[in-house]
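Structure file data-v2.cif with mmCIF, C-alpha atoms and all ligand atoms:
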```cif
data_target
#
loop_
_atom_site.group_PDB
_atom_site.id
_atom_site.type_symbol
_atom_site.label_atom_id
_atom_site.label_comp_id
_atom_site.auth_asym_id
_atom_site.auth_seq_id
_atom_site.Cartn_x
_atom_site.Cartn_y
_atom_site.Cartn_z
ATOM 1 C CA MET I 1 143.397 -139.171 137.953
ATOM 2 C CA LEU I 2 144.753 -137.057 140.815
ATOM 3 C CA ARG I 3 148.282 -135.745 140.367
ATOM 4 C CA LEU I 4 150.406 -133.916 142.923
ATOM 5 C CA GLU I 5 153.489 -132.223 141.567
ATOM 6 C CA GLY I 6 156.133 -131.051 144.030
ATOM 7 C CA VAL I 7 153.535 -130.024 146.589
ATOM 8 C CA THR I 8 154.990 -128.200 149.579
ATOM 9 C CA LYS I 9 153.288 -126.513 152.511
ATOM 10 C CA SER I 10 155.259 -124.413 154.954
ATOM 11 C CA PHE I 11 154.038 -123.027 158.245
ATOM 12 C CA GLY I 12 156.462 -120.258 159.174
ATOM 13 C CA GLY I 13 159.849 -121.729 158.412
ATOM 14 C CA LYS I 14 158.725 -125.356 158.839
ATOM 15 C CA ARG I 15 157.801 -127.608 155.935
ATOM 16 C CA ALA I 16 154.776 -129.695 156.984
ATOM 17 C CA VAL I 17 154.615 -131.200 153.475
ATOM 18 C CA ASP I 18 157.797 -131.234 151.480
ATOM 19 C CA GLN I 19 157.948 -131.717 147.702
ATOM 20 C CA VAL I 20 155.297 -134.443 147.486
ATOM 21 C CA SER I 21 154.666 -135.881 144.014
ATOM 22 C CA LEU I 22 152.045 -138.594 143.579
ATOM 23 C CA VAL I 23 149.747 -139.956 140.911
ATOM 24 C CA VAL I 24 146.514 -141.551 142.147
ATOM 25 C CA PRO I 25 144.601 -143.388 139.414
ATOM 26 C CA THR I 26 140.821 -143.329 139.460
ATOM 27 C CA GLY I 27 139.311 -146.012 141.689
ATOM 28 C CA GLN I 28 142.294 -146.627 143.907
ATOM 29 C CA LEU I 29 142.054 -146.927 147.699
ATOM 30 C CA VAL I 30 145.190 -145.248 148.993
ATOM 31 C CA GLY I 31 146.233 -145.302 152.630
ATOM 32 C CA VAL I 32 148.468 -142.463 153.795
ATOM 33 C CA ILE I 33 150.467 -143.607 156.787
ATOM 34 C CA GLY I 34 153.137 -142.187 159.031
ATOM 35 C CA ARG I 35 153.681 -141.032 162.555
ATOM 36 C CA SER I 36 151.910 -138.094 164.147
ATOM 37 C CA GLY I 37 153.068 -134.825 162.587
ATOM 38 C CA ALA I 38 154.305 -136.469 159.368
ATOM 39 C CA GLY I 39 152.107 -134.158 157.276
ATOM 40 C CA LYS I 40 149.204 -136.504 156.393
ATOM 41 C CA SER I 41 146.352 -134.132 157.333
ATOM 42 C CA THR I 42 148.043 -131.151 155.762
ATOM 43 C CA LEU I 43 148.402 -133.112 152.527
ATOM 44 C CA LEU I 44 144.729 -134.148 152.432
ATOM 45 C CA ARG I 45 143.522 -130.677 153.301
ATOM 46 C CA MET I 46 145.431 -129.203 150.369
ATOM 47 C CA ILE I 47 143.758 -131.625 147.963
ATOM 48 C CA ASN I 48 140.380 -130.313 149.160
ATOM 49 C CA ARG I 49 141.830 -126.773 149.204
ATOM 50 C CA LEU I 50 141.192 -126.347 152.914
ATOM 51 C CA GLY I 51 144.792 -125.170 152.768
ATOM 52 C CA ASP I 52 146.798 -123.848 149.846
ATOM 53 C CA PRO I 53 150.197 -125.230 148.895
ATOM 54 C CA THR I 54 153.166 -122.936 149.333
ATOM 55 C CA GLN I 55 154.636 -124.509 146.177
ATOM 56 C CA GLY I 56 153.622 -127.092 143.617
ATOM 57 C CA ARG I 57 150.453 -128.049 141.777
ATOM 58 C CA ILE I 58 147.556 -130.411 142.367
ATOM 59 C CA LEU I 59 145.760 -131.571 139.235
ATOM 60 C CA PHE I 60 142.579 -133.567 138.817
ATOM 61 C CA GLY I 61 142.389 -134.634 135.205
ATOM 62 C CA ASP I 62 143.406 -131.481 133.355
ATOM 63 C CA THR I 63 142.183 -129.102 136.043
ATOM 64 C CA ASP I 64 144.735 -127.342 138.213
ATOM 65 C CA ILE I 65 142.999 -127.482 141.599
ATOM 66 C CA THR I 66 145.429 -125.016 143.122
ATOM 67 C CA GLN I 67 144.214 -122.260 140.769
ATOM 68 C CA LEU I 68 140.470 -122.673 141.389
ATOM 69 C CA LYS I 69 138.452 -119.810 142.833
ATOM 70 C CA GLY I 70 134.819 -118.996 143.588
ATOM 71 C CA ARG I 71 132.260 -121.223 141.903
ATOM 72 C CA ALA I 72 134.886 -123.513 140.348
ATOM 73 C CA LEU I 73 136.413 -124.090 143.774
ATOM 74 C CA ARG I 74 132.990 -124.889 145.269
ATOM 75 C CA GLN I 75 132.415 -127.353 142.422
ATOM 76 C CA TRP I 76 135.741 -129.019 143.178
ATOM 77 C CA ARG I 77 134.807 -129.344 146.855
ATOM 78 C CA ALA I 78 131.591 -131.062 145.771
ATOM 79 C CA ARG I 79 133.591 -133.556 143.707
ATOM 80 C CA CYS I 80 136.124 -134.068 146.483
ATOM 81 C CA ALA I 81 134.245 -135.057 149.652
ATOM 82 C CA MET I 82 135.967 -134.977 152.993
ATOM 83 C CA ILE I 83 135.418 -137.216 156.020
ATOM 84 C CA PHE I 84 136.893 -136.148 159.336
ATOM 85 C CA GLN I 85 137.867 -137.915 162.545
ATOM 86 C CA GLN I 86 135.241 -135.935 164.486
ATOM 87 C CA PHE I 87 132.441 -136.543 161.925
ATOM 88 C CA ASN I 88 131.493 -132.810 161.638
ATOM 89 C CA LEU I 89 127.736 -133.411 161.771
ATOM 90 C CA ALA I 90 125.127 -130.873 162.873
ATOM 91 C CA GLY I 91 124.226 -132.515 166.188
ATOM 92 C CA ARG I 92 120.770 -130.956 166.491
ATOM 93 C CA LEU I 93 119.696 -131.966 162.993
ATOM 94 C CA ASP I 94 118.310 -135.389 162.264
ATOM 95 C CA VAL I 95 120.261 -137.950 160.283
ATOM 96 C CA LEU I 96 118.414 -137.346 157.008
ATOM 97 C CA ASN I 97 118.986 -133.582 157.095
ATOM 98 C CA ASN I 98 122.658 -134.108 157.876
ATOM 99 C CA VAL I 99 122.963 -136.335 154.814
ATOM 100 C CA MET I 100 121.033 -133.812 152.709
ATOM 101 C CA MET I 101 123.746 -131.264 153.507
ATOM 102 C CA GLY I 102 125.884 -133.180 151.043
ATOM 103 C CA ARG I 103 123.490 -131.919 148.356
ATOM 104 C CA ALA I 104 124.082 -128.311 149.444
ATOM 105 C CA PHE I 105 126.962 -128.169 146.961
ATOM 106 C CA HIS I 106 124.509 -128.813 144.118
ATOM 107 C CA VAL I 107 121.568 -126.543 144.994
ATOM 108 C CA PRO I 108 121.127 -122.790 145.614
ATOM 109 C CA THR I 109 122.304 -121.791 149.117
ATOM 110 C CA SER I 110 118.842 -120.493 150.051
ATOM 111 C CA ARG I 111 117.284 -123.892 149.337
ATOM 112 C CA ALA I 112 119.919 -125.655 151.459
ATOM 113 C CA LEU I 113 119.487 -123.177 154.334
ATOM 114 C CA LEU I 114 115.709 -123.632 154.286
ATOM 115 C CA LYS I 115 116.158 -127.407 153.881
ATOM 116 C CA LEU I 116 113.850 -127.424 150.880
ATOM 117 C CA TRP I 117 114.883 -130.776 149.472
ATOM 118 C CA SER I 118 113.094 -132.433 146.576
ATOM 119 C CA ASP I 119 111.633 -135.928 146.868
ATOM 120 C CA ASP I 120 114.373 -137.195 144.566
ATOM 121 C CA GLU I 121 117.050 -135.710 146.795
ATOM 122 C CA LYS I 122 115.473 -137.263 149.880
ATOM 123 C CA ALA I 123 115.267 -140.611 148.120
ATOM 124 C CA GLN I 124 118.942 -140.346 147.210
ATOM 125 C CA ALA I 125 119.866 -139.595 150.826
ATOM 126 C CA LEU I 126 117.776 -142.506 152.089
ATOM 127 C CA SER I 127 119.370 -144.799 149.571
ATOM 128 C CA ALA I 128 122.849 -143.704 150.728
ATOM 129 C CA LEU I 129 121.797 -144.350 154.336
ATOM 130 C CA GLU I 130 120.344 -147.715 153.342
ATOM 131 C CA SER I 131 123.645 -148.754 151.772
ATOM 132 C CA LEU I 132 125.271 -148.082 155.143
ATOM 133 C CA ASP I 133 122.508 -149.817 157.087
ATOM 134 C CA MET I 134 121.456 -146.498 158.617
ATOM 135 C CA ALA I 135 118.088 -145.742 156.967
ATOM 136 C CA ARG I 136 116.134 -146.816 160.049
ATOM 137 C CA LEU I 137 117.772 -143.951 161.982
ATOM 138 C CA ALA I 138 116.922 -141.278 159.389
ATOM 139 C CA GLY I 139 114.670 -139.346 161.789
ATOM 140 C CA GLN I 140 116.999 -139.486 164.785
ATOM 141 C CA ARG I 141 119.045 -136.519 165.997
ATOM 142 C CA ALA I 142 122.689 -136.913 165.022
ATOM 143 C CA ASP I 143 123.956 -136.169 168.526
ATOM 144 C CA THR I 144 122.141 -139.213 169.898
ATOM 145 C CA LEU I 145 124.103 -141.630 167.706
ATOM 146 C CA SER I 146 127.194 -143.641 168.547
ATOM 147 C CA GLY I 147 130.498 -142.615 167.008
ATOM 148 C CA GLY I 148 130.354 -145.377 164.408
ATOM 149 C CA GLN I 149 126.806 -144.418 163.440
ATOM 150 C CA GLN I 150 127.808 -140.753 163.170
ATOM 151 C CA GLN I 151 130.694 -141.630 160.917
ATOM 152 C CA ARG I 152 128.378 -143.664 158.694
ATOM 153 C CA VAL I 153 126.099 -140.610 158.429
ATOM 154 C CA ALA I 154 129.140 -138.551 157.447
ATOM 155 C CA ILE I 155 129.973 -141.147 154.784
ATOM 156 C CA ALA I 156 126.378 -141.058 153.491
ATOM 157 C CA ARG I 157 126.620 -137.256 153.348
ATOM 158 C CA ALA I 158 129.820 -137.611 151.335
ATOM 159 C CA LEU I 159 128.113 -140.111 149.006
ATOM 160 C CA VAL I 160 125.208 -137.798 148.105
ATOM 161 C CA GLN I 161 127.752 -135.221 147.036
ATOM 162 C CA GLU I 162 128.347 -137.687 144.173
ATOM 163 C CA PRO I 163 132.073 -137.185 144.553
ATOM 164 C CA ASP I 164 134.850 -138.409 142.289
ATOM 165 C CA ILE I 165 137.129 -138.753 145.268
ATOM 166 C CA ILE I 166 136.705 -139.122 149.025
ATOM 167 C CA LEU I 167 139.391 -137.873 151.385
ATOM 168 C CA ALA I 168 139.156 -139.454 154.825
ATOM 169 C CA ASP I 169 141.311 -137.912 157.542
ATOM 170 C CA GLU I 170 141.761 -140.513 160.306
ATOM 171 C CA PRO I 171 138.090 -141.594 159.962
ATOM 172 C CA ILE I 172 138.333 -144.294 162.595
ATOM 173 C CA ALA I 173 140.577 -142.589 165.132
ATOM 174 C CA SER I 174 137.701 -142.021 167.598
ATOM 175 C CA LEU I 175 136.041 -145.421 167.154
ATOM 176 C CA ASP I 176 136.069 -148.746 168.961
ATOM 177 C CA PRO I 177 137.230 -151.879 167.071
ATOM 178 C CA ARG I 178 133.721 -152.939 165.989
ATOM 179 C CA ASN I 179 132.835 -149.523 164.598
ATOM 180 C CA THR I 180 136.288 -149.246 163.087
ATOM 181 C CA LYS I 181 135.513 -152.321 161.022
ATOM 182 C CA VAL I 182 132.044 -151.071 160.057
ATOM 183 C CA VAL I 183 133.429 -147.739 158.858
ATOM 184 C CA MET I 184 136.438 -149.210 157.030
ATOM 185 C CA ASP I 185 134.175 -151.802 155.378
ATOM 186 C CA ALA I 186 131.883 -148.944 154.289
ATOM 187 C CA LEU I 187 134.775 -147.030 152.712
ATOM 188 C CA LEU I 188 135.983 -150.192 150.994
ATOM 189 C CA HIS I 189 132.476 -150.893 149.703
ATOM 190 C CA ILE I 190 132.118 -147.374 148.302
ATOM 191 C CA ASN I 191 135.503 -147.656 146.660
ATOM 192 C CA LYS I 192 134.870 -151.028 145.054
ATOM 193 C CA HIS I 193 131.144 -150.719 144.357
ATOM 194 C CA PHE I 194 131.024 -147.146 143.031
ATOM 195 C CA GLY I 195 134.640 -146.902 141.851
ATOM 196 C CA ILE I 196 135.163 -143.729 143.886
ATOM 197 C CA THR I 197 138.808 -143.004 144.593
ATOM 198 C CA VAL I 198 139.496 -142.965 148.341
ATOM 199 C CA VAL I 199 142.540 -141.423 149.976
ATOM 200 C CA CYS I 200 142.542 -142.237 153.663
ATOM 201 C CA ASN I 201 144.921 -141.174 156.437
ATOM 202 C CA LEU I 202 145.335 -144.011 158.872
ATOM 203 C CA HIS I 203 147.328 -144.366 162.036
ATOM 204 C CA SER I 204 146.912 -148.146 162.250
ATOM 205 C CA LEU I 205 149.323 -149.891 159.972
ATOM 206 C CA ASP I 206 147.470 -153.181 160.071
ATOM 207 C CA LEU I 207 144.225 -151.544 158.969
ATOM 208 C CA ALA I 208 146.078 -149.764 156.199
ATOM 209 C CA ARG I 209 147.623 -153.043 155.095
ATOM 210 C CA SER I 210 144.281 -154.883 155.203
ATOM 211 C CA TYR I 211 142.121 -152.398 153.349
ATOM 212 C CA CYS I 212 144.262 -150.378 150.967
ATOM 213 C CA ASP I 213 145.445 -151.041 147.413
ATOM 214 C CA ARG I 214 148.457 -148.869 147.955
ATOM 215 C CA LEU I 215 150.260 -147.274 150.886
ATOM 216 C CA VAL I 216 151.967 -143.914 150.848
ATOM 217 C CA GLY I 217 154.264 -143.527 153.839
ATOM 218 C CA MET I 218 155.170 -140.039 154.986
ATOM 219 C CA ALA I 219 157.911 -138.892 157.335
ATOM 220 C CA ALA I 220 158.723 -135.249 158.085
ATOM 221 C CA GLY I 221 156.513 -134.096 155.209
ATOM 222 C CA ARG I 222 158.120 -136.305 152.571
ATOM 223 C CA VAL I 223 156.943 -139.478 150.856
ATOM 224 C CA VAL I 224 159.348 -142.179 151.989
ATOM 225 C CA PHE I 225 157.339 -145.232 150.914
ATOM 226 C CA ASP I 226 154.940 -145.749 148.015
ATOM 227 C CA ASP I 227 154.005 -149.294 147.119
ATOM 228 C CA VAL I 228 151.548 -152.137 147.595
ATOM 229 C CA PRO I 229 150.865 -153.120 151.235
ATOM 230 C CA ALA I 230 152.764 -156.400 150.840
ATOM 231 C CA ALA I 231 155.954 -154.422 150.229
ATOM 232 C CA LEU I 232 155.713 -152.740 153.611
ATOM 233 C CA THR I 233 157.918 -154.960 155.717
ATOM 234 C CA ASP I 234 158.169 -154.654 159.491
ATOM 235 C CA ALA I 235 161.613 -153.137 159.011
ATOM 236 C CA VAL I 236 160.162 -150.385 156.788
ATOM 237 C CA ALA I 237 157.354 -149.886 159.310
ATOM 238 C CA ARG I 238 159.879 -149.430 162.081
ATOM 239 C CA ASP I 239 161.714 -146.837 159.975
ATOM 240 C CA LEU I 240 158.438 -145.028 159.344
ATOM 241 C CA TYR I 241 157.166 -145.051 162.874
ATOM 242 C CA GLY I 242 160.294 -145.302 165.012
ATOM 243 C CA LEU I 243 159.335 -145.799 168.636
ATOM 244 C CA GLU I 244 155.627 -145.724 167.763
ATOM 245 C CA ALA I 245 155.944 -148.897 165.653
ATOM 246 C CA GLY I 246 154.773 -151.262 168.394
ATOM 247 C CA GLU I 247 151.691 -149.108 168.945
ATOM 248 C CA VAL I 248 150.502 -149.047 165.328
ATOM 249 C CA VAL I 249 151.104 -152.690 164.469
ATOM 250 C CA GLY I 250 148.265 -154.620 166.112
ATOM 251 C CA GLU I 251 145.361 -156.853 165.259
ATOM 252 C CA ALA I 252 143.287 -155.584 162.337
ATOM 253 C CA PRO I 253 139.672 -156.749 162.013
ATOM 254 C CA PRO I 254 138.961 -159.037 159.029
ATOM 255 C CA VAL I 255 137.910 -157.155 155.894
ATOM 256 C CA LEU I 256 134.563 -157.476 154.147
ATOM 257 C CA MET I 257 136.208 -157.965 150.768
ATOM 258 C CA PRO I 258 139.499 -159.780 150.339
ATOM 259 C CA VAL I 259 142.425 -157.789 149.011
ATOM 260 C CA GLY I 260 143.152 -158.997 145.512
ATOM 261 C CA ALA I 261 142.052 -158.198 141.992
ATOM 262 C CA ARG I 262 142.229 -154.568 143.075
ATOM 263 C CA PRO I 263 142.842 -151.825 140.517
ATOM 264 C CA GLY I 264 146.530 -151.265 139.722
ATOM 265 C CA PHE I 265 148.439 -148.287 140.925
ATOM 266 C CA ALA I 266 150.945 -145.904 139.487
ATOM 267 C CA LEU I 267 153.953 -144.522 141.286
ATOM 268 C CA ALA I 268 154.785 -140.846 141.112
ATOM 269 C CA GLY I 269 155.964 -139.870 137.701
ATOM 270 C CA SER I 270 154.927 -143.160 136.068
HETATM 271 N N1 LIG I 301 147.898 -124.604 160.899
HETATM 272 C C1 LIG I 301 149.133 -124.969 161.254
HETATM 273 N N2 LIG I 301 150.022 -124.048 161.731
HETATM 274 C C2 LIG I 301 151.274 -124.400 162.074
HETATM 275 N N3 LIG I 301 151.759 -125.667 161.990
HETATM 276 C C3 LIG I 301 150.925 -126.610 161.532
HETATM 277 C C4 LIG I 301 149.569 -126.320 161.141
HETATM 278 N N4 LIG I 301 148.992 -127.479 160.721
HETATM 279 C C5 LIG I 301 149.919 -128.442 160.845
HETATM 280 N N5 LIG I 301 151.080 -127.924 161.331
HETATM 281 C C6 LIG I 301 152.317 -128.670 161.574
HETATM 282 O O1 LIG I 301 152.616 -129.393 160.406
HETATM 283 C C7 LIG I 301 153.137 -130.676 160.736
HETATM 284 C C8 LIG I 301 152.281 -131.753 160.063
HETATM 285 O O2 LIG I 301 151.007 -131.772 160.691
HETATM 286 P P1 LIG I 301 149.819 -132.734 160.216
HETATM 287 O O3 LIG I 301 148.651 -132.453 161.086
HETATM 288 O O4 LIG I 301 149.663 -132.600 158.766
HETATM 289 O O5 LIG I 301 150.443 -134.160 160.543
HETATM 290 P P2 LIG I 301 149.734 -135.558 160.602
HETATM 291 O O6 LIG I 301 150.657 -136.518 159.976
HETATM 292 O O7 LIG I 301 148.365 -135.437 160.034
HETATM 293 O O8 LIG I 301 149.651 -135.817 162.154
HETATM 294 P P3 LIG I 301 148.464 -136.479 163.013
HETATM 295 O O9 LIG I 301 148.468 -137.930 162.651
HETATM 296 O O10 LIG I 301 148.885 -136.207 164.433
HETATM 297 O O11 LIG I 301 147.217 -135.748 162.638
HETATM 298 C C9 LIG I 301 153.158 -130.761 162.244
HETATM 299 O O12 LIG I 301 154.436 -130.409 162.698
HETATM 300 C C10 LIG I 301 152.142 -129.727 162.662
HETATM 301 O O13 LIG I 301 152.452 -129.201 163.932
#
```
Go ahead and express the file in the form of structure tokens.
Amino acid sequence: MLRLEGVTKSFGGKRAVDQVSLVVPTGQLVGVIGRSGAGKSTLLRMINRLGDPTQGRILFGDTDITQLKGRALRQWRARCAMIFQQFNLAGRLDVLNNVMMGRAFHVPTSRALLKLWSDDEKAQALSALESLDMARLAGQRADTLSGGQQQRVAIARALVQEPDIILADEPIASLDPRNTKVVMDALLHINKHFGITVVCNLHSLDLARSYCDRLVGMAAGRVVFDDVPAALTDAVARDLYGLEAGEVVGEAPPVLMPVGARPGFALAGS
């Protein structure tokens, strides 16, 4: 279980994230929504420790993530995979070697730098690619792939990290509607099939409503909504997004798996 307790991040005098408290049970698919600048990326980055909170604690089980250093911090980053809007692949490497980089957390640095992967590790990477229908492109250079294919490689790389949690920061923001669906279906599959907790920043409200078990709405760094998608009425959406509301409420592609019989969720402090 991931627990945020009064997490605040200030840049200069400005609070990008302001006193956020949340409990995310294992296996939940949480969508973090809110207008641009609401603090969604800053929040996710602190969970991965790409940024440190100014105040508050982030716990995973009994471990205080905010106190981790050195090897323990690297181990946490292995357990907490991150997926970015811009994929962050090594363009000149082939697909398989990009996926293998997810294993770099688990092997000596020298072995990762020399790309000395074992047969088992390669098989694991191929299996991750296969689950995303990408194995046939294993030998292709990453920079020759479409955006949707690149994001699937990034998801496969996250999978071979064998993470407990995946943080996805606007993973579909650069994709067309077809690839958006492929990538969101992949995240949903990973969440439901492997039970990996997914926390996903999303700009599209309809996608968030279609795919997530729970929505956390942020405005000016604070959590202003935290409930099941059905509780997010258009009126609440308008409050969250203001003038942007029309832009973020559109047609969402149909989901691979129907929402329903999803794991329960706990509100902050419950
Ligand atoms: N490194 C930084 N230095 C200064 N201010 C920052 C930094 N990172 C974020 N901010 C500010 O913190 C606030 C929250 O930014 P953040 O990127 O977390 O929002 P967001 O909800 O993810 O927005 P978007 O959807 O546009 O990515 C914004 O006002 C932003 O300008």
Residues matched by the PyMOL selection byres (((chain I and resi 29) around 8) and not hetatm) as a count of residues only: 14
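Counting all atoms listed in the file, the residue from I:Leu59, I:Met184, I:Leu68, I:Ala219 that sits nearest to ligand LIG 301 (chain I) is I:Ala219.
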Residue IDs satisfying the PyMOL selection byres (((not hetatm)) within 12 of (chain I and resi 301)), as a ChimeraX atom specification: /I:8-18,32-46,50-52,84-85,168-173,200-204,216-223,240-241,244,248
Residue nearest Arg238 (chain I) among I:Val24, I:Leu205, I:Leu215, I:Ala72 (counting all atoms listed in the file): I:Leu205
Atom pair CA of Met1 (chain I) / CA of Ser21 (chain I): separation (Å): 13.2 Å
Close residues, region 144-160 of chain I itself excluded, 8 Å, only C-alpha atoms, min 3 positions apart in chain, as a count of residues only: 33
Residue nearest Leu167 (chain I) - candidates I:Arg79, I:Lys181, I:Arg74, I:His106, atoms counted: all atoms listed in the file: I:Arg79
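With all atoms listed in the file as the atoms that count, the minimum distance from Leu207 (chain I) to the choices I:Asp94, I:Asp239, I:Asp185, I:Asp227 is reached by I:Asp185.
Distance-wise, CA of Gly6 (chain I) and CA of Gln67 (chain I) end up 15.2 Å apart.
For the residues I:Val228, I:Val20, I:Leu4, I:Leu73, ranking by smallest atom-to-atom distance to Ser210 (chain I) using only C-alpha atoms places I:Val228 first.
The space separating CA of Asn48 (chain I) from CA of Ala123 (chain I) comes to 27.2 Å.
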Using only C-alpha atoms: which of I:Gln75, I:Gln86, I:Ser118, I:Asn97 has the shortest distance to Gln161 (chain I): I:Gln75
